[in-house]
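Structure first, then comments.
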Amino acid sequence: LETLTRICDGEGVPEDLDRLVDLAKKVKVNSLCGLGQTAPNPVLTTVKYFREEYEAHIVDKACPAHVCKALISYKIEPDRCKDCKICTRACPVGAISQGEGKFQEIDQGTCIKCGTCYEVCPFGAIDVLSGVEES
């Protein structure tokens with residue numbers, strides 16, 4: 001669990017994949033009951049079929065599925081933003097404010113990546129980006 005958490009937090013290293021597979025195989029072989037023998041299957045299967053996703057997390061520090069909060073960011077696209085400020089009012093931490101131009105901007109240092117702005121924007125002006133957008 002610690003290794004998976006580290007990978008999802010963008011702190012994984014290439015050796016973590018080998019460590020995960022090795023540990024899963026050892027648990028599978030050395031478990032005395034059926035449950036223990038099958039418990040590692042989800043890890044082995046995801047590494048086998050989604051290895052590039054794991055590698056993106058580790059090497060690129062990005063989450064292609066846009067689910068790992070540490071590896072995504074939200075950005076307001078000025079060409080789609082109508083400056084209605086619905087996202088600004090909805091943001092639970094006040095991370096959205098008037099930017100350099102006419103439109104709103106998200107302070108990446110304050111943003112908790114809850115997705116509220118993305119959900120409430122009626123114009124689809126907020127994009128979820130894989131990787132961390134700097135402030």
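All residue names refer to the structure tokens as shown: chains lettered A, B, ... in order, residues numbered from 1 in each chain, ligands numbered from 1 in order.
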With stretch 2-22 of chain A as the partner and 10 Å as the cut-off, tabulate the residues of stretch 26-77 of chain A that qualify, each row holding the nearest pair of atoms and their distance in Å to one decimal, using only C-alpha atoms, sorted by chain and rising number, as CSV.
```
residue,atom,partner,partner_atom,distance
A:Lys26,CA,A:Asp22,CA,6.2
A:Val27,CA,A:Asp22,CA,8.7
A:Lys28,CA,A:Asp22,CA,10.0
A:Pro40,CA,A:Val21,CA,8.8
A:Val43,CA,A:Val21,CA,7.5
A:Leu44,CA,A:Val21,CA,6.2
A:Thr45,CA,A:Val21,CA,9.8
A:Val47,CA,A:Val21,CA,7.6
A:Lys48,CA,A:Val21,CA,9.3
A:Arg51,CA,A:Leu17,CA,8.5
A:Tyr54,CA,A:Ile7,CA,7.5
A:Glu55,CA,A:Pro14,CA,7.5
A:Ala56,CA,A:Gly10,CA,9.5
A:His57,CA,A:Gly10,CA,6.0
A:Ile58,CA,A:Gly12,CA,5.0
A:Val59,CA,A:Pro14,CA,7.4
A:Asp60,CA,A:Gly10,CA,8.8
A:Lys61,CA,A:Gly10,CA,5.3
A:Ala62,CA,A:Gly10,CA,7.5
A:Cys63,CA,A:Cys8,CA,8.0
A:Val67,CA,A:Cys8,CA,9.0
A:Cys68,CA,A:Cys8,CA,5.8
A:Lys69,CA,A:Asp9,CA,7.6
A:Ala70,CA,A:Asp9,CA,5.2
A:Leu71,CA,A:Gly10,CA,6.3
```
Could you write out that same residue set with N, CA and C atoms as a PDB file, in the first residue's frame?
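Result saved to result_15.pdb:
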```
ATOM      1  N   LYS A  26       5.317 -13.035  -4.401  1.00  0.00           N
ATOM      2  CA  LYS A  26       5.688 -13.730  -3.159  1.00  0.00           C
ATOM      3  C   LYS A  26       4.464 -13.994  -2.287  1.00  0.00           C
ATOM      4  N   VAL A  27       3.566 -13.025  -2.200  1.00  0.00           N
ATOM      5  CA  VAL A  27       2.339 -13.214  -1.417  1.00  0.00           C
ATOM      6  C   VAL A  27       1.510 -14.331  -2.034  1.00  0.00           C
ATOM      7  N   LYS A  28       1.390 -14.325  -3.348  1.00  0.00           N
ATOM      8  CA  LYS A  28       0.595 -15.331  -4.058  1.00  0.00           C
ATOM      9  C   LYS A  28       1.143 -16.746  -3.818  1.00  0.00           C
ATOM     10  N   PRO A  40      -3.201 -10.722  -4.451  1.00  0.00           N
ATOM     11  CA  PRO A  40      -2.290  -9.919  -5.279  1.00  0.00           C
ATOM     12  C   PRO A  40      -2.731  -9.763  -6.744  1.00  0.00           C
ATOM     13  N   VAL A  43      -3.182  -6.225  -8.376  1.00  0.00           N
ATOM     14  CA  VAL A  43      -1.917  -5.512  -8.595  1.00  0.00           C
ATOM     15  C   VAL A  43      -1.197  -6.092  -9.808  1.00  0.00           C
ATOM     16  N   LEU A  44      -1.085  -7.407  -9.867  1.00  0.00           N
ATOM     17  CA  LEU A  44      -0.397  -8.039 -10.991  1.00  0.00           C
ATOM     18  C   LEU A  44      -1.091  -7.732 -12.316  1.00  0.00           C
ATOM     19  N   THR A  45      -2.410  -7.749 -12.309  1.00  0.00           N
ATOM     20  CA  THR A  45      -3.170  -7.482 -13.528  1.00  0.00           C
ATOM     21  C   THR A  45      -3.019  -6.038 -13.984  1.00  0.00           C
ATOM     22  N   VAL A  47      -0.578  -3.949 -13.321  1.00  0.00           N
ATOM     23  CA  VAL A  47       0.789  -3.707 -13.799  1.00  0.00           C
ATOM     24  C   VAL A  47       0.966  -4.327 -15.188  1.00  0.00           C
ATOM     25  N   LYS A  48       0.375  -5.498 -15.401  1.00  0.00           N
ATOM     26  CA  LYS A  48       0.509  -6.171 -16.697  1.00  0.00           C
ATOM     27  C   LYS A  48      -0.177  -5.385 -17.817  1.00  0.00           C
ATOM     28  N   ARG A  51       0.785  -0.910 -17.451  1.00  0.00           N
ATOM     29  CA  ARG A  51       2.144  -0.550 -17.047  1.00  0.00           C
ATOM     30  C   ARG A  51       2.486   0.885 -17.452  1.00  0.00           C
ATOM     31  N   TYR A  54       1.343   3.341 -14.860  1.00  0.00           N
ATOM     32  CA  TYR A  54       2.263   3.381 -13.717  1.00  0.00           C
ATOM     33  C   TYR A  54       3.510   4.186 -14.084  1.00  0.00           C
ATOM     34  N   GLU A  55       4.051   3.926 -15.268  1.00  0.00           N
ATOM     35  CA  GLU A  55       5.263   4.625 -15.697  1.00  0.00           C
ATOM     36  C   GLU A  55       5.027   6.121 -15.847  1.00  0.00           C
ATOM     37  N   ALA A  56       3.846   6.518 -16.316  1.00  0.00           N
ATOM     38  CA  ALA A  56       3.521   7.947 -16.424  1.00  0.00           C
ATOM     39  C   ALA A  56       3.544   8.596 -15.043  1.00  0.00           C
ATOM     40  N   HIS A  57       3.008   7.896 -14.059  1.00  0.00           N
ATOM     41  CA  HIS A  57       3.016   8.410 -12.685  1.00  0.00           C
ATOM     42  C   HIS A  57       4.443   8.572 -12.165  1.00  0.00           C
ATOM     43  N   ILE A  58       5.274   7.593 -12.468  1.00  0.00           N
ATOM     44  CA  ILE A  58       6.633   7.571 -11.927  1.00  0.00           C
ATOM     45  C   ILE A  58       7.583   8.479 -12.708  1.00  0.00           C
ATOM     46  N   VAL A  59       7.597   8.341 -14.014  1.00  0.00           N
ATOM     47  CA  VAL A  59       8.565   9.065 -14.840  1.00  0.00           C
ATOM     48  C   VAL A  59       8.110  10.489 -15.154  1.00  0.00           C
ATOM     49  N   ASP A  60       6.861  10.614 -15.619  1.00  0.00           N
ATOM     50  CA  ASP A  60       6.353  11.921 -16.056  1.00  0.00           C
ATOM     51  C   ASP A  60       5.691  12.721 -14.945  1.00  0.00           C
ATOM     52  N   LYS A  61       5.470  12.078 -13.791  1.00  0.00           N
ATOM     53  CA  LYS A  61       4.752  12.725 -12.682  1.00  0.00           C
ATOM     54  C   LYS A  61       3.397  13.234 -13.177  1.00  0.00           C
ATOM     55  N   ALA A  62       2.701  12.363 -13.915  1.00  0.00           N
ATOM     56  CA  ALA A  62       1.406  12.702 -14.496  1.00  0.00           C
ATOM     57  C   ALA A  62       0.447  11.532 -14.328  1.00  0.00           C
ATOM     58  N   CYS A  63      -0.842  11.849 -14.222  1.00  0.00           N
ATOM     59  CA  CYS A  63      -1.879  10.822 -14.106  1.00  0.00           C
ATOM     60  C   CYS A  63      -2.794  10.924 -15.328  1.00  0.00           C
ATOM     61  N   VAL A  67      -7.072  11.139 -11.967  1.00  0.00           N
ATOM     62  CA  VAL A  67      -7.676  10.810 -10.677  1.00  0.00           C
ATOM     63  C   VAL A  67      -6.760  11.016  -9.470  1.00  0.00           C
ATOM     64  N   CYS A  68      -5.475  11.021  -9.677  1.00  0.00           N
ATOM     65  CA  CYS A  68      -4.539  11.198  -8.558  1.00  0.00           C
ATOM     66  C   CYS A  68      -4.353  12.687  -8.298  1.00  0.00           C
ATOM     67  N   LYS A  69      -4.893  13.149  -7.193  1.00  0.00           N
ATOM     68  CA  LYS A  69      -4.896  14.591  -6.906  1.00  0.00           C
ATOM     69  C   LYS A  69      -3.516  15.227  -6.947  1.00  0.00           C
ATOM     70  N   ALA A  70      -2.513  14.498  -6.527  1.00  0.00           N
ATOM     71  CA  ALA A  70      -1.164  15.066  -6.512  1.00  0.00           C
ATOM     72  C   ALA A  70      -0.603  15.263  -7.919  1.00  0.00           C
ATOM     73  N   LEU A  71      -1.213  14.616  -8.905  1.00  0.00           N
ATOM     74  CA  LEU A  71      -0.662  14.634 -10.259  1.00  0.00           C
ATOM     75  C   LEU A  71      -1.588  15.266 -11.293  1.00  0.00           C
TER      76      LEU A  71
END
```
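Running DSSP on the backbone gives strand (DSSP E or B) for these residues within chain A: Ile72, Ser73, Tyr74, Lys75, Ile76, Ile96, Ser97, Gln98, Gln104, Glu105, Ile106, Ile126, Asp127, Val128, Leu129 and Ser130 of chain A.
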The selected residues should be written to file as an mmCIF file, in the first residue's frame (atoms: C-alpha atoms).
```cif
data_model
loop_
_atom_site.group_PDB
_atom_site.id
_atom_site.type_symbol
_atom_site.label_atom_id
_atom_site.label_comp_id
_atom_site.auth_asym_id
_atom_site.auth_seq_id
_atom_site.Cartn_x
_atom_site.Cartn_y
_atom_site.Cartn_z
ATOM 1 C CA ILE A 72 -3.411 16.772 -11.772
ATOM 2 C CA SER A 73 -4.190 20.437 -11.989
ATOM 3 C CA TYR A 74 -7.135 22.526 -13.113
ATOM 4 C CA LYS A 75 -6.858 25.403 -15.555
ATOM 5 C CA ILE A 76 -9.412 27.940 -16.751
ATOM 6 C CA ILE A 96 -9.985 31.252 -8.004
ATOM 7 C CA SER A 97 -9.698 34.995 -8.511
ATOM 8 C CA GLN A 98 -9.464 37.665 -11.197
ATOM 9 C CA GLN A 104 -10.507 34.062 -13.666
ATOM 10 C CA GLU A 105 -7.371 32.116 -12.754
ATOM 11 C CA ILE A 106 -6.727 29.240 -10.373
ATOM 12 C CA ILE A 126 -12.099 24.405 -16.882
ATOM 13 C CA ASP A 127 -9.728 21.715 -18.045
ATOM 14 C CA VAL A 128 -8.226 18.930 -15.967
ATOM 15 C CA LEU A 129 -4.553 18.610 -16.828
ATOM 16 C CA SER A 130 -2.331 15.633 -16.209
#
```
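Remark: for A:Cys91, the closest of the candidate residues A:Lys25, A:Leu35, A:Cys117, A:Pro64 is A:Cys117 (distances computed over only C-alpha atoms).
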Distance query A:Thr116 at most 10 Å, only C-alpha atoms, self and fewer than 5 positions along chain excluded, as a PyMOL selection string: chain A and resi 87-88+90-92+121
Within 8 Å of A:Ile112 using only C-alpha atoms, minus same-chain residues under 2 positions, as a list of chain:residue names: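 The residues that qualify are A:Val93, A:Thr110, A:Cys114.
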Restrict the selected residues to N, CA and C atoms and save them as a compact mmCIF listing (two decimals), in the first residue's frame.
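Here's the written file selection36.txt:
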```txt
# COMPACT_ATOMS: atom_id res chain seq x y z
N VAL A 93 -12.03 26.81 -1.18
CA VAL A 93 -10.84 27.38 -0.55
C VAL A 93 -10.43 28.73 -1.13
N THR A 110 -3.03 27.10 -3.81
CA THR A 110 -4.18 27.09 -2.90
C THR A 110 -5.18 25.99 -3.26
N CYS A 114 -10.33 19.55 -5.72
CA CYS A 114 -11.58 18.85 -5.40
C CYS A 114 -12.47 18.67 -6.62
```
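The space separating atom CA of A:Glu119 from atom CA of A:Gly101 comes to 23.2 Å.
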DSSP alpha helix (DSSP H) residues within stretch 32-79 of chain A, listed as number ranges by chain: A: 34-38, 41-49, 51-55
Point-to-point distance in Å for atom CA of A:Ala65 and atom CA of A:Ala125: 19.2 Å
d(atom CA of A:Gly34, atom CA of A:Leu1) in Å: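 The value is 20.5 Å.
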